[in-house]
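Written out below as structure tokens is the structure these notes cover.
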Amino acid sequence: MTRLALALLLVTLIHQGCFHFQVEAGDGFIRTRGVHFLLNGSPYYANGFNAYWLMYTASDPSQRPKVSAAFREAASHGLTVARTWAFSDGGYRPLQYSPGYYNEQMFKGLDFVIAEARSYGIKLILSFANNYDSFGGKQQYVNWARSRGQYLSSDDDFFRHPVVKGYFKNHIKTVLYRYNSFTGIHYKDDPTIMAWELMNEPRCTSDPSGRTIQAWIAEMASFSMRIPDQWLSSSNDQNQLSFLNNWLDTHIQDAQNILRKPILIAEFGKSWKDPGFSAYQRDLLFNTVYYKIYSSAKRGGAAAGGLFWQLLTEGMDNFRDGYEIILGQPSSTANVIAQQAHKLYQIRKIFSRMRNVERWKRARAARARRGHWRGGNRGKRVGN
């Protein structure tokens, strides 16, 4: 094997509840409390997938059955979260033609994705931009500013230049306030959207100190932090798994004890294009990630779930990148994914049951106190 893309991301996401100010505990929004995500007051664990292609495919009504099939197959395997793009800047079939000008057909594709995810009980993580030039990315924003007479020396000026930052803020606002043509709900008010991600794999290589990108994050969101991808080159499977185990242990512990925030493993996978690939090795990698998540979750720890890269469905050969999982085709990896979903569901049931027991105990204690007060005052004169 020449390369294994782990893309293990520590994500402190902008959860959707931040944009919905008048909400109740049972409203279906994912929230954070300490090291946990919560759904309707109970800990929430995400077993999910990446599918960057959803909006692009759904923008063509004739291709929407593929989106429906992907969600249907995911739901049947117990998957609960999908991460996808809410951007396509410039170029072929864009969402945003130029700053502030949008392609309604592409937006309707995203509307359909959200509505369809909602119908299958799948939460979404939507990313606002790309670090890379695929689907435009930060390079497109910089080029837009240059075309309007602004001087920018590099693509990293995306994180610094006020004009570019203004373009990006406008895109965030436009997406948040989009009225979904299928559901009749503004995106910001839709509990289907679990969280917003400022950028896919953000990097500012011109400032290795990290100060520029941290300042950008602080400006753009109340909180959002990610670790850069881990690329393991010229390393055998045993060394890669050893690295993976150590990486997961370290970052789960840091999230638990230092950051006090939930950690979501937002991308992991193994490519069949690598020399010496075997389904056994892919299953071993998935099981390694899943075991670390499960072990933390059952202790009430910070690991909140994992999203493999990437889910496809039948008839999507043009999107194959070597990492694809097609759940409609029987495979050992599909079984591994379904087993993890079942285990996380059982943990959630246990925590929910414990929460109900605590509620019952509190209610019983309250009734006992009221009964004692009434009994103690029986026969006594009350008032003047």
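The way I read the labels, and the way they are meant: chains A, B, ... in the order of the structure tokens, residue 1 as the first residue of every chain, and ligand 1 as the first ligand shown, with later ones counted on from there.
Excluding A:Phe182 itself and same-chain residues fewer than 4 positions from it, the residues having an atom within 12 Å of it are Phe107, Lys108, Gly109, Leu110, Asp111, Phe112, Val113, Ile114, Ala115, Glu116, Ala117, Arg118, Ser119, Arg178, His186 and Tyr187 of chain A, counting only C-alpha atoms.
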File of the preceding selection, C-alpha atoms, as a compact mmCIF listing (two decimals), in the first residue's frame:
```txt
# COMPACT_ATOMS: atom_id res chain seq x y z
CA PHE A 107 -30.44 25.11 -4.81
CA LYS A 108 -33.56 23.03 -5.51
CA GLY A 109 -31.26 20.02 -5.63
CA LEU A 110 -30.07 20.82 -2.10
CA ASP A 111 -33.69 21.41 -1.07
CA PHE A 112 -34.49 17.88 -2.26
CA VAL A 113 -31.51 16.39 -0.41
CA ILE A 114 -32.62 17.94 2.88
CA ALA A 115 -36.24 16.90 2.38
CA GLU A 116 -35.27 13.35 1.46
CA ALA A 117 -32.88 13.02 4.40
CA ARG A 118 -35.69 14.20 6.65
CA SER A 119 -38.05 11.54 5.30
CA ARG A 178 -32.76 29.55 2.19
CA HIS A 186 -35.82 27.75 6.27
CA TYR A 187 -32.58 25.77 6.49
```
Requested in this report: Identify, on the basis of only C-alpha atoms, every residue whose closest approach to A:Pro262 does not exceed 7 Å; exclude the query and any residue fewer than 5 positions from it along the same chain; express the result as a PyMOL selection string.
Outcome: chain A and resi 35-37+255+302-304
**Report entry** Contacts of A:Val336 within 9 Å, only C-alpha atoms, excl. fewer than 5 positions in-chain, as a list of chain:residue names
**Finding:**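 Surrounding residues, per the criterion: A:Asp283, A:Phe286, A:Asn287, A:Tyr290, A:Ser331, A:Ala341.
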Could you please take those selected residues and save C-alpha atoms as a PDB file, in the first residue's frame?
```pdb
ATOM      1  CA  ASP A 283     -12.896  -4.213   7.575  1.00  0.00           C
ATOM      2  CA  PHE A 286     -13.395   0.210  10.002  1.00  0.00           C
ATOM      3  CA  ASN A 287     -13.507  -2.033  13.072  1.00  0.00           C
ATOM      4  CA  TYR A 290     -15.637   1.810  15.332  1.00  0.00           C
ATOM      5  CA  SER A 331     -20.229  -7.082   1.493  1.00  0.00           C
ATOM      6  CA  ALA A 341     -25.028   1.300  14.036  1.00  0.00           C
TER       7      ALA A 341
END
```
Can you tell me which residues surround A:Lys349 at a distance of at most 12 Å, considering only C-alpha atoms, apart from same-chain residues fewer than 2 positions away, and format the answer as a compact mmCIF listing (two decimals) with C-alpha atoms, in the first residue's frame?
```txt
# COMPACT_ATOMS: atom_id res chain seq x y z
CA LEU A 39 -31.05 14.71 20.89
CA SER A 42 -30.43 12.08 25.53
CA PRO A 43 -26.87 11.40 24.29
CA TYR A 44 -26.68 11.11 20.51
CA TYR A 45 -24.14 9.03 18.60
CA LYS A 298 -20.35 3.20 26.37
CA HIS A 342 -26.85 -1.31 16.13
CA LYS A 343 -24.34 -1.05 19.01
CA LEU A 344 -24.56 2.75 19.14
CA TYR A 345 -28.35 2.54 19.05
CA GLN A 346 -28.29 0.21 22.05
CA ILE A 347 -26.10 2.66 23.98
CA PHE A 351 -28.89 6.27 28.35
CA SER A 352 -32.49 7.14 27.47
CA ARG A 353 -33.78 4.49 29.88
CA MET A 354 -31.50 5.79 32.64
CA ARG A 355 -32.80 9.30 32.00
CA ASN A 356 -36.39 8.10 32.29
```
**Report entry** Shell around A:Ala74 at 12 Å using only C-alpha atoms, local window under 4 positions removed, as a count of residues only
**Finding:** 34
